[in-house]
Every structure is written in C-alpha cells, then in structure tokens.
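What's in structure-v8.txt: compact mmCIF, C-alpha atoms
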```txt
# COMPACT_ATOMS: atom_id res chain seq x y z
CA MET A 291 20.61 21.52 -20.66
CA HIS A 292 24.09 20.34 -19.87
CA THR A 293 23.32 17.20 -17.93
CA GLN A 294 23.64 13.97 -19.84
CA TYR A 295 21.15 11.28 -18.96
CA LYS A 296 23.18 8.38 -20.33
CA LYS A 297 21.35 5.53 -18.66
CA CYS A 298 17.64 5.54 -18.49
CA PHE A 299 15.58 3.11 -16.42
CA VAL A 300 11.89 2.52 -17.10
CA THR A 301 9.70 0.59 -14.67
CA VAL A 302 6.05 -0.49 -14.46
CA GLY A 303 6.39 -2.25 -11.12
CA THR A 304 4.07 -5.23 -10.66
CA THR A 305 1.52 -3.86 -13.09
CA ARG A 306 0.78 -4.23 -16.75
CA PHE A 307 1.37 -1.07 -18.74
CA ASP A 308 1.43 -2.07 -22.40
CA LEU A 309 1.27 1.45 -23.77
CA LEU A 310 4.33 2.73 -21.92
CA CYS A 311 6.39 -0.32 -22.86
CA GLU A 312 5.42 0.16 -26.50
CA TYR A 313 5.89 3.92 -26.62
CA ILE A 314 9.34 3.81 -25.02
CA GLN A 315 10.49 1.81 -28.05
CA THR A 316 9.10 4.23 -30.61
CA SER A 317 11.39 6.54 -32.56
CA PRO A 318 9.90 9.85 -31.37
CA VAL A 319 10.59 8.94 -27.74
CA LEU A 320 13.99 7.38 -28.45
CA LEU A 321 15.13 10.42 -30.40
CA VAL A 322 14.16 12.81 -27.61
CA LEU A 323 16.00 10.62 -25.09
CA LYS A 324 19.01 10.60 -27.39
CA LYS A 325 19.00 14.39 -27.35
CA LEU A 326 19.14 14.17 -23.54
CA GLY A 327 22.33 12.14 -23.87
CA CYS A 328 20.75 8.73 -23.48
CA GLU A 329 22.82 5.76 -24.64
CA SER A 330 20.98 2.86 -23.04
CA ILE A 331 17.51 2.17 -21.72
CA THR A 332 16.63 -0.65 -19.36
CA VAL A 333 12.91 -1.38 -19.25
CA GLN A 334 11.30 -3.45 -16.50
CA ILE A 335 8.10 -4.49 -18.32
CA GLY A 336 6.33 -6.43 -15.56
CA ASN A 337 3.17 -8.08 -16.84
CA SER A 338 2.95 -5.94 -19.97
CA ASP A 339 2.15 -7.53 -23.31
CA VAL A 340 5.52 -6.89 -24.98
CA GLU A 341 8.46 -9.20 -25.59
CA PRO A 342 11.46 -9.04 -23.24
CA GLY A 343 14.89 -8.96 -24.91
CA ASP A 344 17.89 -6.94 -25.99
CA PHE A 345 18.23 -4.90 -29.14
CA GLU A 346 19.40 -1.59 -30.53
CA LYS A 347 17.26 1.07 -32.13
CA ASP A 348 17.93 4.65 -33.23
CA GLY A 349 21.43 4.42 -31.73
CA ILE A 350 20.20 3.43 -28.26
CA LYS A 351 20.70 0.06 -26.59
CA LEU A 352 17.49 -1.36 -25.14
CA HIS A 353 17.20 -4.11 -22.55
CA LEU A 354 13.72 -5.33 -21.63
CA TYR A 355 13.00 -7.72 -18.76
CA ARG A 356 9.93 -8.59 -16.73
CA PHE A 357 10.83 -8.84 -13.06
CA LYS A 358 13.71 -8.76 -10.61
CA ASP A 359 13.60 -9.32 -6.88
CA SER A 360 14.83 -5.79 -6.35
CA LEU A 361 14.99 -2.85 -8.71
CA LYS A 362 17.35 -0.95 -6.44
CA ALA A 363 20.48 -1.72 -8.47
CA ASP A 364 18.91 -0.72 -11.78
CA MET A 365 17.54 2.45 -10.24
CA SER A 366 20.86 3.34 -8.63
CA ASN A 367 22.68 2.93 -11.93
CA ALA A 368 20.24 5.10 -13.83
CA ASP A 369 20.66 8.80 -14.56
CA LEU A 370 16.97 9.21 -15.30
CA ILE A 371 14.01 7.15 -14.17
CA ILE A 372 10.72 6.90 -16.04
CA SER A 373 8.16 5.14 -13.91
CA HIS A 374 4.50 4.20 -13.73
CA ALA A 375 2.70 6.10 -10.98
CA GLY A 376 2.82 3.35 -8.38
CA ALA A 377 3.75 4.69 -4.97
CA GLY A 378 6.41 2.04 -4.38
CA SER A 379 8.25 2.76 -7.60
CA CYS A 380 8.00 6.53 -7.13
CA LEU A 381 9.28 6.40 -3.56
CA GLU A 382 12.14 4.07 -4.44
CA ALA A 383 13.26 6.42 -7.20
CA LEU A 384 12.85 9.57 -5.12
CA GLU A 385 14.72 8.10 -2.18
CA LEU A 386 17.68 7.54 -4.49
CA ASN A 387 17.41 11.21 -5.47
CA LYS A 388 17.01 10.37 -9.13
CA PRO A 389 15.36 12.66 -11.68
CA LEU A 390 11.94 11.14 -12.08
CA LEU A 391 9.31 11.30 -14.79
CA VAL A 392 6.09 9.51 -13.94
CA VAL A 393 3.82 8.23 -16.69
CA VAL A 394 0.21 7.89 -15.58
CA ASN A 395 -1.69 4.85 -16.87
CA GLU A 396 -5.01 6.14 -18.12
CA ASP A 397 -6.46 2.63 -18.26
CA LEU A 398 -6.56 2.15 -14.49
CA MET A 399 -9.92 2.49 -12.80
CA ASN A 400 -10.49 5.94 -11.24
CA ASN A 401 -6.82 6.65 -11.80
CA HIS A 402 -6.07 7.56 -8.21
CA GLN A 403 -2.40 7.34 -9.07
CA LEU A 404 -2.69 10.77 -10.64
CA GLU A 405 -3.36 12.26 -7.20
CA LEU A 406 0.04 11.24 -5.90
CA ALA A 407 1.91 12.20 -9.04
CA ASP A 408 0.25 15.59 -8.98
CA GLN A 409 1.01 16.25 -5.32
CA LEU A 410 4.64 15.16 -5.65
CA HIS A 411 4.91 17.41 -8.70
CA VAL A 412 3.44 20.32 -6.73
CA ASP A 413 6.12 19.58 -4.13
CA LYS A 414 8.69 19.70 -6.96
CA HIS A 415 9.87 16.10 -6.68
CA LEU A 416 8.91 14.82 -10.12
CA TYR A 417 7.31 15.54 -13.46
CA TYR A 418 4.40 13.55 -14.79
CA CYS A 419 2.72 12.96 -18.10
CA THR A 420 0.71 10.37 -20.01
CA CYS A 421 1.95 8.07 -22.76
CA ASP A 422 0.72 10.51 -25.40
CA THR A 423 2.71 13.38 -23.94
CA LEU A 424 5.81 11.35 -23.08
CA ALA A 425 7.98 12.59 -25.94
CA SER A 426 6.92 16.23 -25.65
CA THR A 427 7.38 16.24 -21.86
CA LEU A 428 10.89 14.81 -22.13
CA GLU A 429 11.68 17.47 -24.65
CA THR A 430 10.50 20.42 -22.60
CA VAL A 431 11.18 19.81 -18.90
CA ASP A 432 14.27 20.67 -16.92
CA PHE A 433 15.03 17.92 -14.43
CA SER A 434 17.47 20.09 -12.52
CA TRP A 435 14.47 22.12 -11.28
CA LEU A 436 13.38 19.18 -9.14
CA VAL A 437 14.22 19.06 -5.42
CA PRO A 438 14.94 16.00 -3.26
CA MET A 439 12.16 14.58 -1.12
CA SER A 440 12.64 14.63 2.63
CA LYS A 441 12.70 11.38 4.60
CA PRO A 442 9.51 10.09 6.22
CA ASN A 443 9.20 10.60 9.94
CA PRO A 444 7.07 8.06 11.74
CA LYS A 445 8.24 9.14 15.23
CA ALA A 446 4.98 10.89 16.14
CA PHE A 447 2.97 7.93 14.89
CA VAL A 448 5.04 5.40 16.87
CA LYS A 449 4.76 7.57 19.98
CA TYR A 450 1.00 7.68 19.58
CA LEU A 451 0.80 3.89 19.19
CA ASP A 452 2.86 3.46 22.34
CA SER A 453 0.46 5.68 24.21
CA VAL A 454 -2.61 3.68 23.23
CA PHE A 455 -1.23 0.13 23.05
CA LYS A 456 0.25 -0.88 26.37
CA VAL A 457 1.90 -4.15 27.28
CA LYS A 458 3.09 -5.61 30.53
CA ASP A 459 6.51 -4.34 31.43
CA ASN A 460 9.01 -7.17 31.48
CA SER A 461 11.70 -5.47 33.56
CA MET B 222 -41.95 -22.42 22.40
CA GLY B 223 -42.49 -18.96 23.78
CA VAL B 224 -39.35 -19.27 25.93
CA ILE B 225 -37.16 -20.14 22.92
CA LEU B 226 -38.54 -17.20 20.96
CA TYR B 227 -37.98 -14.91 23.93
CA LEU B 228 -34.38 -16.18 24.27
CA ALA B 229 -33.71 -15.74 20.57
CA ILE B 230 -34.99 -12.18 20.58
CA SER B 231 -32.95 -11.37 23.70
CA LEU B 232 -29.77 -12.76 22.12
CA ILE B 233 -30.32 -10.82 18.92
CA ALA B 234 -31.03 -7.65 20.89
CA ALA B 235 -27.88 -8.20 22.98
CA PHE B 236 -25.85 -8.73 19.82
CA ILE B 237 -27.19 -5.55 18.23
CA MET B 238 -26.41 -3.60 21.39
CA ARG B 239 -22.88 -5.04 21.38
CA VAL B 240 -22.39 -3.97 17.74
CA PHE B 241 -23.65 -0.45 18.48
CA PHE B 242 -21.42 -0.26 21.54
CA LEU B 243 -18.38 -1.23 19.46
CA PHE B 244 -19.23 1.30 16.75
CA TYR B 245 -19.65 3.97 19.40
CA LYS B 246 -16.27 3.11 20.87
CA ILE B 247 -14.58 3.12 17.48
CA LEU B 248 -16.17 6.33 16.26
CA LYS B 249 -15.20 8.02 19.51
CA SER B 250 -11.61 6.89 18.83
CA ASP B 251 -11.48 5.05 22.12
CA CYS B 252 -8.81 2.65 20.96
CA GLN B 253 -6.82 1.93 24.09
CA LEU B 254 -5.54 -1.60 24.47
CA ILE B 255 -3.92 -2.64 27.70
CA SER B 256 -2.60 -6.14 27.38
CA PRO B 257 -1.75 -8.41 30.29
CA ASN B 258 0.97 -9.93 28.08
CA THR B 259 4.44 -8.60 27.29
CA CYS B 260 3.76 -8.39 23.59
CA LEU B 261 0.91 -7.91 21.13
CA ARG B 262 0.01 -10.56 18.60
CA THR B 263 0.12 -8.68 15.32
CA ILE B 264 -1.31 -9.22 11.86
CA TYR B 265 -0.03 -7.35 8.81
CA CYS B 266 -2.42 -7.39 5.84
CA ILE B 267 -0.25 -7.52 2.78
CA GLY B 268 -1.49 -6.32 -0.59
CA SER B 269 0.72 -6.35 -3.62
CA GLY B 270 3.26 -4.02 -5.14
CA GLY B 271 3.32 -0.62 -3.53
CA HIS B 272 1.04 -1.57 -0.67
CA THR B 273 3.48 -4.23 0.49
CA THR B 274 6.44 -1.87 0.32
CA GLU B 275 4.61 0.82 2.26
CA LEU B 276 3.38 -1.46 5.02
CA LEU B 277 6.72 -3.21 5.45
CA ARG B 278 8.49 0.13 5.70
CA LEU B 279 6.06 1.12 8.42
CA MET B 280 6.66 -2.17 10.17
CA SER B 281 10.40 -1.49 10.25
CA HIS B 282 9.74 1.48 12.56
CA LEU B 283 7.70 -0.54 15.03
CA ASP B 284 9.22 -2.29 18.01
CA SER B 285 9.40 -5.90 16.86
CA LYS B 286 9.66 -7.04 20.47
CA LYS B 287 6.36 -5.40 21.32
CA PHE B 288 4.49 -6.36 18.15
CA GLN B 289 5.05 -10.10 17.95
CA PRO B 290 4.43 -12.84 17.02
CA ARG B 291 3.72 -11.61 13.52
CA LEU B 292 1.30 -13.06 11.02
CA PHE B 293 1.41 -11.84 7.43
CA ILE B 294 -1.82 -12.40 5.56
CA LEU B 295 -1.54 -12.17 1.82
CA ALA B 296 -3.53 -13.03 -1.28
CA LYS B 297 -3.19 -16.47 -2.86
CA ASN B 298 -1.77 -15.21 -6.16
CA ASP B 299 0.65 -12.67 -4.67
CA ILE B 300 4.17 -13.82 -5.48
CA SER B 301 6.33 -10.74 -5.15
CA SER B 302 5.26 -9.89 -1.61
CA GLU B 303 6.73 -13.03 -0.11
CA VAL B 304 10.27 -12.00 -1.11
CA LYS B 305 9.75 -8.53 0.32
CA ILE B 306 8.45 -9.96 3.59
CA GLN B 307 11.45 -12.23 3.97
CA GLU B 308 13.79 -9.29 3.45
CA ALA B 309 11.85 -7.18 5.92
CA VAL B 310 11.83 -9.74 8.74
CA ASP B 311 15.58 -9.95 8.29
CA GLY B 312 16.36 -13.44 9.47
CA SER B 313 13.99 -13.58 12.41
CA ASP B 314 11.74 -16.62 12.59
CA ASP B 315 8.87 -15.51 14.81
CA TYR B 316 6.56 -14.90 11.90
CA THR B 317 4.10 -16.83 9.75
CA LEU B 318 2.60 -16.34 6.32
CA TYR B 319 -0.99 -17.20 5.51
CA ARG B 320 -2.71 -16.90 2.16
CA ILE B 321 -6.37 -16.08 1.56
CA PRO B 322 -8.26 -15.80 -1.73
CA ARG B 323 -8.23 -12.32 -3.21
CA SER B 324 -11.40 -10.30 -2.43
CA ARG B 325 -11.11 -8.28 -5.61
CA ASN B 326 -8.79 -8.34 -8.58
CA VAL B 327 -7.80 -5.15 -10.42
CA LYS B 328 -10.66 -4.06 -12.70
CA GLN B 329 -13.07 -6.66 -11.26
CA SER B 330 -16.65 -5.38 -11.19
CA TYR B 331 -17.93 -4.23 -7.80
CA MET B 332 -20.94 -6.53 -8.20
CA THR B 333 -18.94 -9.77 -8.40
CA SER B 334 -16.50 -8.39 -5.81
CA VAL B 335 -19.22 -8.75 -3.18
CA PHE B 336 -19.24 -12.53 -3.71
CA THR B 337 -15.48 -12.94 -3.88
CA THR B 338 -15.15 -10.84 -0.74
CA ILE B 339 -17.66 -13.04 1.09
CA TYR B 340 -15.71 -16.11 0.03
CA ALA B 341 -12.43 -14.54 1.16
CA THR B 342 -14.06 -13.57 4.48
CA LEU B 343 -15.15 -17.15 5.21
CA SER B 344 -11.62 -18.36 4.41
CA THR B 345 -10.22 -15.93 6.97
CA ILE B 346 -12.27 -17.16 9.95
CA PRO B 347 -10.13 -20.20 10.87
CA ILE B 348 -6.80 -18.34 10.87
CA LEU B 349 -8.10 -15.42 12.89
CA TYR B 350 -9.69 -17.79 15.38
CA LYS B 351 -6.43 -19.69 15.69
CA PHE B 352 -4.05 -16.70 15.84
CA LYS B 353 -6.22 -14.42 18.03
CA PRO B 354 -4.57 -11.11 17.09
CA ASP B 355 -4.34 -8.08 19.38
CA VAL B 356 -3.54 -5.65 16.58
CA ILE B 357 -4.11 -5.64 12.84
CA PHE B 358 -2.16 -3.27 10.60
CA CYS B 359 -3.45 -2.65 7.11
CA ASN B 360 -3.02 -0.03 4.45
CA GLY B 361 -5.71 -0.56 1.90
CA PRO B 362 -5.49 -3.51 -0.46
CA GLY B 363 -8.51 -5.78 -0.79
CA THR B 364 -6.92 -8.41 1.47
CA CYS B 365 -7.58 -6.30 4.53
CA ILE B 366 -11.37 -6.17 4.23
CA PRO B 367 -12.09 -9.85 5.04
CA VAL B 368 -9.52 -9.81 7.84
CA CYS B 369 -10.94 -6.65 9.42
CA LEU B 370 -14.52 -7.79 8.97
CA VAL B 371 -13.89 -11.13 10.70
CA SER B 372 -11.91 -9.40 13.44
CA PHE B 373 -14.79 -7.00 14.08
CA LEU B 374 -17.36 -9.80 14.15
CA MET B 375 -15.24 -11.86 16.52
CA ARG B 376 -14.93 -8.82 18.73
CA CYS B 377 -18.72 -8.54 18.72
CA PHE B 378 -18.90 -12.08 20.00
CA PHE B 379 -16.16 -11.49 22.59
CA ILE B 380 -13.88 -14.01 20.87
CA LEU B 381 -11.24 -11.32 20.22
CA ASP B 382 -10.35 -7.92 21.61
CA CYS B 383 -8.41 -6.76 18.59
CA ARG B 384 -7.57 -3.22 17.44
CA ILE B 385 -7.49 -2.33 13.77
CA VAL B 386 -4.95 0.26 12.64
CA PHE B 387 -5.59 1.49 9.11
CA ILE B 388 -3.00 3.64 7.41
CA GLU B 389 -4.24 5.05 4.11
CA SER B 390 -1.71 4.66 1.37
CA LEU B 391 0.56 7.55 0.42
CA CYS B 392 -1.13 7.34 -2.99
CA ARG B 393 -4.28 8.73 -1.51
CA VAL B 394 -3.94 12.52 -1.51
CA GLN B 395 -7.43 13.83 -2.24
CA THR B 396 -9.68 10.78 -1.97
CA LEU B 397 -9.87 7.67 0.18
CA SER B 398 -9.41 4.19 -1.23
CA LEU B 399 -12.43 1.88 -1.26
CA SER B 400 -10.97 0.03 1.73
CA GLY B 401 -10.52 3.37 3.46
CA ILE B 402 -14.14 4.35 2.84
CA ILE B 403 -15.30 1.07 4.38
CA LEU B 404 -12.80 0.93 7.23
CA GLN B 405 -13.30 4.49 8.40
CA PHE B 406 -16.19 2.99 10.37
CA PHE B 407 -14.43 -0.16 11.59
CA ALA B 408 -10.81 0.82 12.18
CA ASP B 409 -9.93 1.84 15.72
CA ILE B 410 -7.14 4.06 14.45
CA PHE B 411 -7.46 5.63 10.99
CA ILE B 412 -4.40 7.38 9.65
CA ILE B 413 -3.91 9.59 6.60
CA GLN B 414 -0.62 10.69 5.11
CA TRP B 415 -1.75 13.92 3.46
CA PRO B 416 -3.53 16.66 5.39
CA GLN B 417 -6.05 17.28 2.57
CA LEU B 418 -7.77 13.99 3.43
CA ARG B 419 -9.03 15.45 6.68
CA HIS B 420 -11.83 16.97 4.61
CA VAL B 421 -13.13 13.58 3.50
CA CYS B 422 -12.58 11.53 6.63
CA PHE B 423 -13.98 12.82 9.88
CA ARG B 424 -11.88 10.89 12.37
CA ALA B 425 -8.56 10.57 10.58
CA LYS B 426 -5.31 11.15 12.42
CA TYR B 427 -2.41 12.79 10.61
CA PHE B 428 1.22 12.32 11.59
CA GLY B 429 2.87 13.49 8.37
CA ARG B 430 4.34 11.16 5.80
CA LEU B 431 5.00 7.76 7.36
CA THR B 432 6.40 5.76 4.49
```

What does the file become when written as structure tokens?
Amino acid sequence: MHTQYKKCFVTVGTTRFDLLCEYIQTSPVLLVLKKLGCESITVQIGNSDVEPGDFEKDGIKLHLYRFKDSLKADMSNADLIISHAGAGSCLEALELNKPLLVVVNEDLMNNHQLELADQLHVDKHLYYCTCDTLASTLETVDFSWLVPMSKPNPKAFVKYLDSVFKVKDNS
Amino acid sequence: MGVILYLAISLIAAFIMRVFFLFYKILKSDCQLISPNTCLRTIYCIGSGGHTTELLRLMSHLDSKKFQPRLFILAKNDISSEVKIQEAVDGSDDYTLYRIPRSRNVKQSYMTSVFTTIYATLSTIPILYKFKPDVIFCNGPGTCIPVCLVSFLMRCFFILDCRIVFIESLCRVQTLSLSGIILQFFADIFIIQWPQLRHVCFRAKYFGRLT
C-alpha cells in the first residue's frame, strides 16, 4: 500500500458510541493507523462517555471534540474517514469521495444500520467492521479498491409528485 | 332516548365507513390532490441526525414555490436539526418551526412508547388544526407518527384533505423501519430507496436513490 492516510477523521454523528471512541485511542488501533501513514486523528465524539481534548499517543496527535455545526471541513481535510453507520455520516463522507470505514455499533436495537453498511460495501463504496475487528480490518483492507458512489437522482420522484399533486396555474 | 341512540349509531357507522373509504383509497394508491390554490401547504417531519439530513436533501429538489408555506415539526429535545433547517431554507422566511414531545427515545421500551406517542399525538392536534397542511413529507423518525395519525383522523372528519408522502430512509435496505411498518397503511405515497424492499412492502414505489 503506497497511499499515506496522514489525517484521519472519526465521527459518531449525533449518537453515543463509547466503544469506538475508546478503541480509537488504544495502542493496537493507533499502531495500525500509524502503519497506514497516519499522523493525526480528529475524533468527533458526540454524546459518547469520553473526555474531549488534545493529546499525543504512540506518535499520533489526537484531537477529540463533541459537536460542530458542520463536519464538512473536517471530512474534506481527512485522508481517511472512520464513521459510525449513520446514513448521514456515511453519505457525507462518500459524497466527498473519501475512503470510508464504517464501524457498526452493536449496542443499537435491531442494528438496522448494518443493512446499509452491508449494501454499500456490496456496491464497493466502503468497508465495515465492528469495534472488535477495527484494528484487524484497518490492517487488511485496501481502500483503493473502493469506487465512488454515484449522485442521487430524484428527477423521477419529482416528476411523479408533479403528476399527482396539482396546483392552480398562476400564469 | 331512542332517537339519540339511533343518531349516535348512525354517526359511528358513518365514521367507520369514512375510515374504510380512506383506507381503500390509500391502499389503492389513489393519491391525487388537485388544489384550488397556487401552492400546497407543506409539513416536513424532522427527526434527528441522519433523518434530518436526508429529508432536507429531498426538500432541496422540490419546487419551493409549489410546496409552501413550510412547517417543520421537530422533537422538543432536537437541537442539531434547527441549524440544518436554517441552512436548508437558505435565507427564505416563509417557514415555521414547531416542536412536539418525542414519541419514542432511542432504546425506549415499546410498551411505554405507546403512552409517550399518545401524549405526542395530543400535542400535535392544535398545530395541525391551525396550519391545515395539504402535504406531509416524512422519512421515518418517531416524530412523524403523531403528525400522520392526527392528519389521518382529521381527514376522516373532513377537517383536512392532506396527503402523506413517506420516504423510507436510505438506511433501510432489507427491512422497513417501525414508522414504515405503521405508515404503509396510512401514507398515500410510500417510497423505498432500495429495490429489495419491494418484497416486504406491497405498495411501495421505487425511484432509485433519492438522497
């Protein structure tokens, strides 16, 4: 693997994902990320039960914060995005054409998030794993195998709505 | 005494017939709405997180001149959505925000959710009566159930003639959300974003990925 993923961005969206926020700070994960060329990790921790702050560990700079109005800047600056399986976070990352690894939160009821992660993986847009397999997944996958996701096309839907919802013509 | 009883029974029978008629119309996908006005009063049911993003993206593709004025209904403790809404409306001022209690919090038991949903439903009656929507767009969070329920009931009583458009979240690939399972019987237009869902929802419409 020749690509260097210098800046890594981790996000849990509006949720609470304690395990991911803890695991991302552990040495096994940090060392694998270092091997991928990572120099800094920004973690958006949301409502998770960890402390925000800045520190350095295993030669990597970490910056943890809870929320920002928009994650677009942090995502744009990242070379690799590790995200919870929320649709919003996934779509934001994929629309910026960033290599994406989704971590599925096994604590969520019914875990329907896995459905989307799995389908997007089948379509070759992302990889996914759980917290337990985070380090091993980062070590084995090749992000250059992923393909960009095409843009959504609501034209047919809008046309259908226009055909069923009619208003008085103003002209 | 007999007259009052007779009247009561007739009214109840008429109401039941009206409900059946509406269900028949909905299940047949007869969702046409021809408005005498130049625009349709629209409600967007805002959830939190991903739901908000998805619905607002969808809204950006709709003709804002046709679907206005806009009312955004969101849950009382939803902070992040308000910022997203303000960005999405992009400076226009023909919109309002209204907050209702949450019908169900994440991980809340289904048993207690029945009561919190009833409470949320009662809180929704005044705003729906006041706003009188023509169209309601929702994509699955708990906030949409009270709104759609009240809209349906008001339609039964001829107070509203509103159409419900339900777009299942992109998250839902193999199974419907709980809101989707309920609203597949109440939504005039039911849309899925993955073709696999056709197997679990008999009247879903598929237009590809919308968000």

Next on the checklist: Contacts from chain A to chain B, 8 Å maximum, only C-alpha atoms: show me the residue list as an MDAnalysis selection string.
Outcome noted: chainID A and resid 303:304 359 376:379 398:399 402:403 405:406 409 442:444 446:448 454:460

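You will find atom CA of Lys353 of chain B at 15.0 Å from atom CA of Pro367 of chain B.
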
Quick one: which segment 311-429 of chain A residues come within 9 Å of segment 292-298 of chain A, and what is the nearest atom pair for each with the distance in Å to one decimal, counting all atoms listed in the file, rows ordered by chain and ascending number, as a Markdown table?
```
| residue | atom | partner | partner_atom | distance |
| --- | --- | --- | --- | --- |
| A:Leu323 | CA | A:Tyr295 | CA | 8.0 |
| A:Lys324 | CA | A:Lys296 | CA | 8.5 |
| A:Lys325 | CA | A:Gln294 | CA | 8.8 |
| A:Leu326 | CA | A:Tyr295 | CA | 5.8 |
| A:Gly327 | CA | A:Gln294 | CA | 4.6 |
| A:Cys328 | CA | A:Lys296 | CA | 4.0 |
| A:Glu329 | CA | A:Lys296 | CA | 5.1 |
| A:Ser330 | CA | A:Lys297 | CA | 5.1 |
| A:Ile331 | CA | A:Cys298 | CA | 4.7 |
| A:Thr332 | CA | A:Cys298 | CA | 6.3 |
| A:Val333 | CA | A:Cys298 | CA | 8.4 |
| A:Met365 | CA | A:Cys298 | CA | 8.8 |
| A:Asn367 | CA | A:Lys297 | CA | 7.3 |
| A:Ala368 | CA | A:Lys297 | CA | 5.0 |
| A:Asp369 | CA | A:Tyr295 | CA | 5.1 |
| A:Leu370 | CA | A:Cys298 | CA | 4.9 |
| A:Ile371 | CA | A:Cys298 | CA | 5.9 |
| A:Ile372 | CA | A:Cys298 | CA | 7.5 |
```

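Going from atom CA of Val392 of chain A over to atom CA of Tyr417 of chain A, you cover 6.2 Å.
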
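For the atom pair formed by atom CA of Asn395 of chain A and atom CA of Ala383 of chain A, the distance is 17.9 Å, given to one decimal.
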
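Using only C-alpha atoms, the smallest distance between any of A:Thr301, A:Thr427, A:Asn337, A:Asn387 and Asp364 of chain A comes from A:Thr301.
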
Next on the checklist: Show me, as a ChimeraX atom specification, the residues that have an atom within 6 Å of Asn360 of chain B when counting all atoms listed in the file, minus same-chain residues fewer than 5 positions from it.
Outcome noted: /B:387-390

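Between Asp348 of chain A and the candidates A:Leu320, A:Ile335, A:Leu361, A:Leu390, the tightest atom-to-atom separation, counting only C-alpha atoms, involves A:Leu320.
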
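Shortest atom-to-atom contact with Leu410 of chain A among A:Leu309, A:Leu436, A:Ile314, A:Val322: A:Leu436, counting all atoms listed in the file.
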
Item to check | Residue neighbourhood Ser338 of chain A, 6 Å, only C-alpha atoms, exclusion window fewer than 5 positions, as a list of chain:residue names | outcome: A:Arg306, A:Phe307, A:Asp308
